[in-house]
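Okay, start_28.cif is below, mmCIF, C-alpha atoms:
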data_model
loop_
_atom_site.group_PDB
_atom_site.id
_atom_site.type_symbol
_atom_site.label_atom_id
_atom_site.label_comp_id
_atom_site.auth_asym_id
_atom_site.auth_seq_id
_atom_site.Cartn_x
_atom_site.Cartn_y
_atom_site.Cartn_z
ATOM 1 C CA MET P 1 -37.356 -90.004 90.045
ATOM 2 C CA THR P 2 -38.400 -89.441 93.673
ATOM 3 C CA GLU P 3 -36.818 -87.496 96.513
ATOM 4 C CA ALA P 4 -36.651 -90.301 99.050
ATOM 5 C CA PRO P 5 -36.916 -89.663 102.781
ATOM 6 C CA VAL P 6 -34.191 -91.019 105.045
ATOM 7 C CA LEU P 7 -35.127 -93.960 107.264
ATOM 8 C CA LEU P 8 -32.945 -94.534 110.312
ATOM 9 C CA ASN P 9 -33.045 -97.848 112.192
ATOM 10 C CA PRO P 10 -35.590 -99.552 109.913
ATOM 11 C CA GLU P 11 -35.437 -102.637 112.147
ATOM 12 C CA GLY P 12 -35.219 -100.690 115.399
ATOM 13 C CA ARG P 13 -36.617 -102.462 118.452
ATOM 14 C CA PHE P 14 -38.431 -99.448 119.908
ATOM 15 C CA PRO P 15 -42.190 -100.068 119.828
ATOM 16 C CA GLY P 16 -43.085 -97.050 117.799
ATOM 17 C CA LEU P 17 -42.216 -94.761 114.920
ATOM 18 C CA ILE P 18 -40.816 -91.228 114.994
ATOM 19 C CA VAL P 19 -41.506 -89.093 111.925
ATOM 20 C CA VAL P 20 -39.921 -85.727 111.160
ATOM 21 C CA ASP P 21 -41.779 -83.961 108.362
ATOM 22 C CA HIS P 22 -39.593 -80.868 108.232
ATOM 23 C CA ALA P 23 -36.059 -82.185 108.794
ATOM 24 C CA GLY P 24 -34.791 -81.431 105.288
ATOM 25 C CA THR P 25 -33.316 -78.465 103.468
ATOM 26 C CA ALA P 26 -32.986 -79.936 99.962
ATOM 27 C CA THR P 27 -34.318 -77.926 97.009
ATOM 28 C CA PRO P 28 -34.137 -80.323 94.050
ATOM 29 C CA ALA P 29 -32.811 -78.526 90.985
ATOM 30 C CA ARG P 30 -35.258 -80.207 88.630
ATOM 31 C CA PHE P 31 -38.089 -78.240 90.212
ATOM 32 C CA GLY P 32 -36.310 -74.925 89.626
ATOM 33 C CA ALA P 33 -34.841 -72.485 92.112
ATOM 34 C CA LEU P 34 -37.022 -71.050 94.842
ATOM 35 C CA GLY P 35 -35.441 -67.686 94.093
ATOM 36 C CA LEU P 36 -34.889 -66.686 97.723
ATOM 37 C CA ALA P 37 -31.664 -65.299 99.138
ATOM 38 C CA GLU P 38 -29.376 -67.899 100.725
ATOM 39 C CA ASP P 39 -30.073 -66.482 104.202
ATOM 40 C CA TRP P 40 -33.556 -67.998 104.089
ATOM 41 C CA ARG P 41 -31.991 -71.480 104.252
ATOM 42 C CA HIS P 42 -31.078 -70.793 107.876
ATOM 43 C CA THR P 43 -34.593 -69.846 109.010
ATOM 44 C CA HIS P 44 -37.503 -71.825 110.400
ATOM 45 C CA HIS P 45 -39.382 -71.164 107.175
ATOM 46 C CA PHE P 46 -36.998 -73.484 105.341
ATOM 47 C CA CYS P 47 -37.020 -76.383 107.816
ATOM 48 C CA ASP P 48 -37.522 -77.172 111.502
ATOM 49 C CA LEU P 49 -34.204 -75.940 112.846
ATOM 50 C CA GLY P 50 -32.327 -78.340 115.126
ATOM 51 C CA VAL P 51 -34.843 -81.144 114.743
ATOM 52 C CA ALA P 52 -32.727 -83.427 112.523
ATOM 53 C CA PRO P 53 -29.881 -83.905 115.038
ATOM 54 C CA LEU P 54 -32.443 -84.282 117.831
ATOM 55 C CA ALA P 55 -34.226 -87.020 115.874
ATOM 56 C CA GLN P 56 -30.923 -88.738 115.092
ATOM 57 C CA ALA P 57 -30.052 -88.729 118.798
ATOM 58 C CA LEU P 58 -33.442 -90.236 119.635
ATOM 59 C CA ALA P 59 -32.965 -92.926 116.992
ATOM 60 C CA GLN P 60 -29.730 -93.950 118.665
ATOM 61 C CA ARG P 61 -30.913 -93.580 122.251
ATOM 62 C CA LEU P 62 -34.158 -95.527 121.766
ATOM 63 C CA ASP P 63 -33.123 -97.821 118.909
ATOM 64 C CA ALA P 64 -36.188 -96.381 117.202
ATOM 65 C CA PRO P 65 -37.127 -96.258 113.520
ATOM 66 C CA VAL P 66 -37.049 -92.586 112.541
ATOM 67 C CA LEU P 67 -38.164 -91.168 109.204
ATOM 68 C CA LEU P 68 -36.700 -87.831 108.091
ATOM 69 C CA GLY P 69 -38.251 -85.725 105.353
ATOM 70 C CA THR P 70 -35.347 -84.530 103.199
ATOM 71 C CA VAL P 71 -36.863 -81.679 101.158
ATOM 72 C CA SER P 72 -37.449 -78.125 102.355
ATOM 73 C CA ARG P 73 -40.979 -77.338 103.418
ATOM 74 C CA LEU P 74 -40.863 -74.412 100.968
ATOM 75 C CA VAL P 75 -40.714 -76.856 98.048
ATOM 76 C CA ILE P 76 -43.740 -78.708 99.440
ATOM 77 C CA ASP P 77 -44.956 -79.113 103.005
ATOM 78 C CA LEU P 78 -45.265 -82.774 103.951
ATOM 79 C CA ASN P 79 -47.611 -81.949 106.833
ATOM 80 C CA ARG P 80 -50.330 -80.101 104.871
ATOM 81 C CA TRP P 81 -53.308 -81.287 102.879
ATOM 82 C CA LEU P 82 -52.561 -80.785 99.192
ATOM 83 C CA ASP P 83 -55.446 -78.363 98.771
ATOM 84 C CA ASP P 84 -54.239 -76.250 101.706
ATOM 85 C CA PRO P 85 -52.808 -72.930 100.426
ATOM 86 C CA ARG P 86 -49.851 -73.541 102.766
ATOM 87 C CA SER P 87 -48.926 -76.756 100.946
ATOM 88 C CA ILE P 88 -46.645 -74.725 98.656
ATOM 89 C CA LEU P 89 -46.194 -71.223 100.035
ATOM 90 C CA THR P 90 -46.012 -68.311 97.645
ATOM 91 C CA GLN P 91 -44.639 -65.904 100.266
ATOM 92 C CA VAL P 92 -42.931 -65.890 103.661
ATOM 93 C CA GLU P 93 -43.129 -62.884 105.969
ATOM 94 C CA GLY P 94 -44.506 -60.891 103.059
ATOM 95 C CA VAL P 95 -41.577 -61.811 100.800
ATOM 96 C CA PRO P 96 -42.592 -63.616 97.588
ATOM 97 C CA VAL P 97 -41.108 -67.050 96.871
ATOM 98 C CA PRO P 98 -40.424 -66.529 93.146
ATOM 99 C CA GLY P 99 -40.184 -70.216 92.315
ATOM 100 C CA ASN P 100 -43.625 -70.833 93.804
ATOM 101 C CA VAL P 101 -45.552 -67.733 92.751
ATOM 102 C CA THR P 102 -46.064 -68.783 89.132
ATOM 103 C CA LEU P 103 -46.026 -72.541 89.707
ATOM 104 C CA ASP P 104 -47.892 -74.335 86.946
ATOM 105 C CA PRO P 105 -50.182 -77.308 87.690
ATOM 106 C CA ALA P 106 -47.808 -79.822 86.098
ATOM 107 C CA THR P 107 -44.868 -78.794 88.292
ATOM 108 C CA ARG P 108 -47.101 -78.785 91.353
ATOM 109 C CA ARG P 109 -48.168 -82.353 90.579
ATOM 110 C CA ALA P 110 -44.552 -83.319 89.915
ATOM 111 C CA ARG P 111 -43.561 -82.122 93.395
ATOM 112 C CA GLN P 112 -46.427 -84.072 94.905
ATOM 113 C CA ASP P 113 -45.542 -87.240 92.999
ATOM 114 C CA ALA P 114 -41.806 -87.060 93.683
ATOM 115 C CA ILE P 115 -41.789 -85.792 97.279
ATOM 116 C CA PHE P 116 -45.137 -85.822 99.074
ATOM 117 C CA TRP P 117 -46.577 -89.202 98.100
ATOM 118 C CA PRO P 118 -43.327 -91.221 98.473
ATOM 119 C CA TYR P 119 -42.821 -89.787 101.958
ATOM 120 C CA HIS P 120 -46.266 -90.798 103.134
ATOM 121 C CA ALA P 121 -46.035 -94.179 101.387
ATOM 122 C CA THR P 122 -42.843 -94.832 103.354
ATOM 123 C CA ILE P 123 -44.578 -93.900 106.608
ATOM 124 C CA THR P 124 -47.389 -96.321 105.767
ATOM 125 C CA SER P 125 -44.947 -99.127 105.032
ATOM 126 C CA VAL P 126 -42.839 -98.659 108.171
ATOM 127 C CA TRP P 127 -45.829 -98.059 110.417
ATOM 128 C CA ASP P 128 -47.493 -101.228 109.140
ATOM 129 C CA ARG P 129 -44.381 -103.183 110.114
ATOM 130 C CA VAL P 130 -44.279 -101.558 113.543
ATOM 131 C CA THR P 131 -47.940 -102.295 114.236
ATOM 132 C CA ARG P 132 -47.469 -105.927 113.212
ATOM 133 C CA HIS P 133 -44.617 -106.404 115.663
ATOM 134 C CA HIS P 134 -45.823 -104.467 118.719
ATOM 135 C CA ARG P 135 -49.047 -104.604 120.696
ATOM 136 C CA ASP P 136 -49.367 -100.927 121.595
ATOM 137 C CA PRO P 137 -46.965 -98.855 119.478
ATOM 138 C CA LEU P 138 -46.503 -95.089 119.582
ATOM 139 C CA PHE P 139 -46.656 -92.746 116.596
ATOM 140 C CA PHE P 140 -44.623 -89.634 117.390
ATOM 141 C CA ALA P 141 -44.288 -86.638 115.043
ATOM 142 C CA LEU P 142 -41.359 -84.419 116.011
ATOM 143 C CA HIS P 143 -41.070 -80.715 115.146
ATOM 144 C CA SER P 144 -39.340 -77.546 116.214
ATOM 145 C CA CYS P 145 -40.782 -74.047 116.160
ATOM 146 C CA THR P 146 -39.598 -70.480 116.437
ATOM 147 C CA ARG P 147 -39.678 -68.602 119.750
ATOM 148 C CA GLN P 148 -40.748 -65.320 118.127
ATOM 149 C CA PHE P 149 -43.856 -65.405 115.963
ATOM 150 C CA GLY P 150 -46.127 -62.644 114.739
ATOM 151 C CA GLY P 151 -44.263 -60.083 116.830
ATOM 152 C CA GLN P 152 -44.889 -62.046 120.035
ATOM 153 C CA ARG P 153 -42.598 -64.120 122.222
ATOM 154 C CA ARG P 154 -43.951 -67.595 122.800
ATOM 155 C CA PRO P 155 -43.547 -68.797 126.396
ATOM 156 C CA TRP P 156 -43.555 -72.511 125.572
ATOM 157 C CA ASP P 157 -40.281 -74.425 125.545
ATOM 158 C CA GLY P 158 -42.072 -77.505 124.234
ATOM 159 C CA GLY P 159 -45.605 -78.619 123.583
ATOM 160 C CA THR P 160 -47.781 -81.436 122.342
ATOM 161 C CA ILE P 161 -49.844 -81.567 119.140
ATOM 162 C CA TRP P 162 -52.936 -83.776 119.001
ATOM 163 C CA ASN P 163 -56.318 -83.877 117.336
ATOM 164 C CA GLU P 164 -58.374 -87.045 117.784
ATOM 165 C CA ALA P 165 -57.470 -87.839 121.405
ATOM 166 C CA PRO P 166 -54.794 -86.947 124.001
ATOM 167 C CA THR P 167 -54.017 -90.583 124.787
ATOM 168 C CA LEU P 168 -50.316 -90.049 124.141
ATOM 169 C CA ALA P 169 -50.025 -86.285 124.593
ATOM 170 C CA HIS P 170 -51.203 -86.066 128.196
ATOM 171 C CA PRO P 171 -49.207 -89.046 129.525
ATOM 172 C CA LEU P 172 -46.171 -87.691 127.676
ATOM 173 C CA LEU P 173 -46.455 -84.340 129.418
ATOM 174 C CA GLU P 174 -46.749 -86.127 132.747
ATOM 175 C CA ALA P 175 -43.735 -88.310 131.970
ATOM 176 C CA LEU P 176 -41.710 -85.260 130.924
ATOM 177 C CA GLY P 177 -42.394 -83.494 134.193
ATOM 178 C CA PRO P 178 -39.353 -84.640 136.221
ATOM 179 C CA GLY P 179 -36.976 -83.984 133.335
ATOM 180 C CA ALA P 180 -38.444 -80.632 132.373
ATOM 181 C CA ARG P 181 -38.172 -78.688 135.621
ATOM 182 C CA GLY P 182 -37.793 -75.013 134.862
ATOM 183 C CA LEU P 183 -39.307 -75.410 131.405
ATOM 184 C CA THR P 184 -42.728 -74.279 130.241
ATOM 185 C CA LEU P 185 -44.615 -77.051 128.457
ATOM 186 C CA GLY P 186 -47.897 -76.619 126.607
ATOM 187 C CA ASP P 187 -50.725 -78.886 125.527
ATOM 188 C CA ASN P 188 -51.645 -78.253 121.891
ATOM 189 C CA GLN P 189 -49.295 -75.287 122.068
ATOM 190 C CA PRO P 190 -47.948 -73.310 120.301
ATOM 191 C CA TYR P 191 -49.963 -75.014 117.534
ATOM 192 C CA SER P 192 -53.238 -76.811 118.069
ATOM 193 C CA GLY P 193 -53.686 -80.145 116.356
ATOM 194 C CA ARG P 194 -57.426 -79.657 116.718
ATOM 195 C CA GLU P 195 -57.169 -77.520 113.601
ATOM 196 C CA GLY P 196 -55.816 -80.554 111.750
ATOM 197 C CA ALA P 197 -52.416 -82.234 111.751
ATOM 198 C CA TYR P 198 -52.045 -83.948 108.401
ATOM 199 C CA THR P 199 -49.388 -86.571 109.122
ATOM 200 C CA LEU P 200 -50.917 -87.617 112.434
ATOM 201 C CA ASP P 201 -54.451 -87.642 111.067
ATOM 202 C CA ARG P 202 -53.585 -89.469 107.855
ATOM 203 C CA HIS P 203 -51.686 -92.311 109.498
ATOM 204 C CA THR P 204 -53.433 -92.809 112.852
ATOM 205 C CA TRP P 205 -56.975 -91.360 112.793
ATOM 206 C CA GLY P 206 -59.494 -93.970 113.886
ATOM 207 C CA SER P 207 -56.822 -96.612 114.483
ATOM 208 C CA GLY P 208 -56.882 -96.539 118.279
ATOM 209 C CA TYR P 209 -53.096 -96.216 118.399
ATOM 210 C CA ARG P 210 -51.533 -93.634 120.673
ATOM 211 C CA ALA P 211 -50.223 -90.724 118.625
ATOM 212 C CA CYS P 212 -49.165 -87.135 119.029
ATOM 213 C CA GLY P 213 -46.776 -84.531 117.772
ATOM 214 C CA PHE P 214 -44.320 -82.511 119.772
ATOM 215 C CA GLU P 215 -42.800 -79.074 119.199
ATOM 216 C CA VAL P 216 -39.504 -77.969 120.749
ATOM 217 C CA SER P 217 -38.625 -74.273 120.655
ATOM 218 C CA ASN P 218 -35.695 -74.106 118.264
ATOM 219 C CA ASP P 219 -33.679 -71.703 120.415
ATOM 220 C CA LEU P 220 -33.224 -74.686 122.766
ATOM 221 C CA LEU P 221 -31.781 -76.806 119.942
ATOM 222 C CA GLU P 222 -29.043 -74.450 118.757
ATOM 223 C CA THR P 223 -26.201 -76.367 120.421
ATOM 224 C CA PRO P 224 -25.235 -80.043 120.687
ATOM 225 C CA GLN P 225 -25.842 -79.798 124.422
ATOM 226 C CA GLY P 226 -29.359 -78.474 123.921
ATOM 227 C CA GLN P 227 -30.097 -81.238 121.445
ATOM 228 C CA ALA P 228 -28.708 -83.845 123.861
ATOM 229 C CA ASP P 229 -30.795 -82.445 126.727
ATOM 230 C CA TRP P 230 -33.996 -82.780 124.715
ATOM 231 C CA ALA P 231 -33.014 -86.224 123.457
ATOM 232 C CA ASN P 232 -32.611 -87.285 127.082
ATOM 233 C CA ARG P 233 -35.933 -85.752 128.154
ATOM 234 C CA LEU P 234 -37.961 -87.131 125.287
ATOM 235 C CA GLY P 235 -36.101 -90.446 125.262
ATOM 236 C CA ASP P 236 -36.738 -91.035 128.957
ATOM 237 C CA ALA P 237 -40.388 -89.997 128.678
ATOM 238 C CA LEU P 238 -41.136 -92.104 125.608
ATOM 239 C CA SER P 239 -39.398 -95.096 127.163
ATOM 240 C CA THR P 240 -41.707 -94.976 130.169
ATOM 241 C CA LEU P 241 -44.783 -95.005 127.923
ATOM 242 C CA THR P 242 -43.947 -98.037 125.795
ATOM 243 C CA GLN P 243 -44.698 -101.709 126.080
ATOM 244 C CA THR P 244 -42.145 -104.175 124.789
ATOM 245 C CA GLY P 245 -44.253 -107.259 124.036
ATOM 246 C CA ALA P 246 -44.060 -108.352 120.402
ATOM 247 C CA VAL P 247 -46.910 -109.994 118.517
ATOM 248 C CA ALA P 248 -44.960 -111.259 115.509
#
Structure re-expressed in structure tokens:
Amino acid sequence: MTEAPVLLNPEGRFPGLIVVDHAGTATPARFGALGLAEDWRHTHHFCDLGVAPLAQALAQRLDAPVLLGTVSRLVIDLNRWLDDPRSILTQVEGVPVPGNVTLDPATRRARQDAIFWPYHATITSVWDRVTRHHRDPLFFALHSCTRQFGGQRRPWDGGTIWNEAPTLAHPLLEALGPGARGLTLGDNQPYSGREGAYTLDRHTWGSGYRACGFEVSNDLLETPQGQADWANRLGDALSTLTQTGAVA
């Protein structure tokens, strides 16, 4: 049994793919309880807050294929290398995650086999279809982040994530300019992709395709209006950067 991601608009006409690693809050019972208080479900540790409705709005606005990870990042993080200690966190903000602290190797592998590998296999399948049908497609990884981190207030309202090359990130920031007046945008902020960005690197490294991630501060996604505003900004910007010619 696998915990399948949700694919919106599988035949969408937008020349690109939007992936959302941390959209989900599911904690499959067969892997045991995480053992955290229910309040944790409403924090950025559990998922990227506000990003699922933003991605759904972009799917509709752009007629884009959008892949949503359905399982909480605390069960397994879809955007980490499997040997990264952050792949399955044993604590958050100094609070132990009981269901992860004593995780045995068999259960760890079961989470990988049921959640991690099917998600990335689905990305591969959809992305292959997109690249067959479009000459210059975009790979866009959407995230949200917390405004307060490590006792500091982050100034960025949104920011790109890239590692190999800024061939999508920098034009995207330029395209966002008119729609982001009054906002503070960062390049490889508040997280730098130069330290590694698993989903981007795995699916686009060395391919020559334009790819980047994008973080939106989650305090700007707390309301339907905030989500709509960002869907308009990102939708308009991504639309200006795409080519519509099909090759198949």
Worksheet item: What do you get, as an MDAnalysis selection string, if you spell out every residue that the PyMOL selection byres ((chain P and resi 83-95) around 12) selects here?
Response: chainID P and resid 34:37 40 43:46 72:82 96:105 107:109 111:112 116 149:151 196:198
Worksheet entry | Exercise: residues within 12 Å of coordinate (-45.3, -91.6, 99.3), counting only C-alpha atoms, as a list in words | Thr2, Glu3, Ala4, Pro5, Gly69, Leu78, Arg111, Gln112, Asp113, Ala114, Ile115, Phe116, Trp117, Pro118, Tyr119, His120, Ala121, Thr122, Ile123, Thr124, Ser125, Val126 and Thr199 of chain P
Worksheet item: For Val66 of chain P, which residue among P:Ala33, P:Pro10, P:Ala106, P:Gly206 is the nearest when counting all atoms listed in the file?
Response: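 The answer is P:Pro10, which sits nearest to Val66 of chain P.
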Item to complete: Would you list the residues near (-47.8, -97.2, 110.9) (no more than 10 Å away, in the coordinates of the file, using only C-alpha atoms) as a PyMOL selection string?
Response: chain P and resi 16-17+122-132+137-139+203-204+207+209
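You will find atom CA of Arg210 of chain P at 19.0 Å from atom CA of Arg233 of chain P.
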Worksheet item: Exactly which residues make up the result of the PyMOL selection byres ((chain P and resi 22) around 6) on this file, given as a list of chain:residue names?
Response: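 Here the PyMOL selection byres ((chain P and resi 22) around 6) matches P:Val20, P:Asp21, P:Ala23, P:Gly24, P:Cys47, P:Asp48, P:Gly69.
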Item to complete: Write out as a list in words the residues lying within 10 Å of Ala231 of chain P, counting all atoms listed in the file and excluding same-chain residues fewer than 2 positions away.
Response: Pro53, Leu54, Ala55, Gln56, Ala57, Leu58, Ala59, Gln60, Arg61, Leu62, Gln225, Gly226, Gln227, Ala228, Asp229, Arg233, Leu234, Gly235, Asp236 and Ala237 of chain P
Fill in: the PyMOL selection byres ((chain P and resi 142) around 8) applied to the shown file, residues as an MDAnalysis selection string
chainID P and resid 18:21 51 55 140:141 143:144 213:215
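In terms of minimum interatomic distance to Ala110 of chain P, P:Arg30 ranks closest within P:Asp63, P:Leu183, P:His42, P:Arg30, counting only C-alpha atoms.
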Discussion item. From the options P:Pro166, P:Thr25, P:Phe31, P:Leu67, which residue's atoms come nearest to Leu8 of chain P, counting only C-alpha atoms?
Written reply: P:Leu67
Fill in: atom CA of Leu176 of chain P to atom CA of Glu11 of chain P, straight-line distance in Å
26.3 Å
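Distance annotation: of P:Thr70, P:Asn9, P:Ser217, P:Gln189, the residue with the minimal separation from Cys145 of chain P is P:Ser217; atom set is all atoms listed in the file.
Straight-line separation from atom CA of Ala211 of chain P to atom CA of Val71 of chain P: 23.8 Å.
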Worksheet entry | Option closest in space to Thr240 of chain P, from P:Glu174, P:Arg181, P:Leu221, P:Pro155 [counting only C-alpha atoms] |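 Selected residue with least distance to Thr240 of chain P: P:Glu174.
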Edge lengths and centre in Å, axis-aligned, segment 128-138 of chain P plus 6 Å each side, as JSON:
{"center_x": -46.8, "center_y": -100.7, "center_z": 115.4, "size_x": 17.1, "size_y": 23.3, "size_z": 24.5}
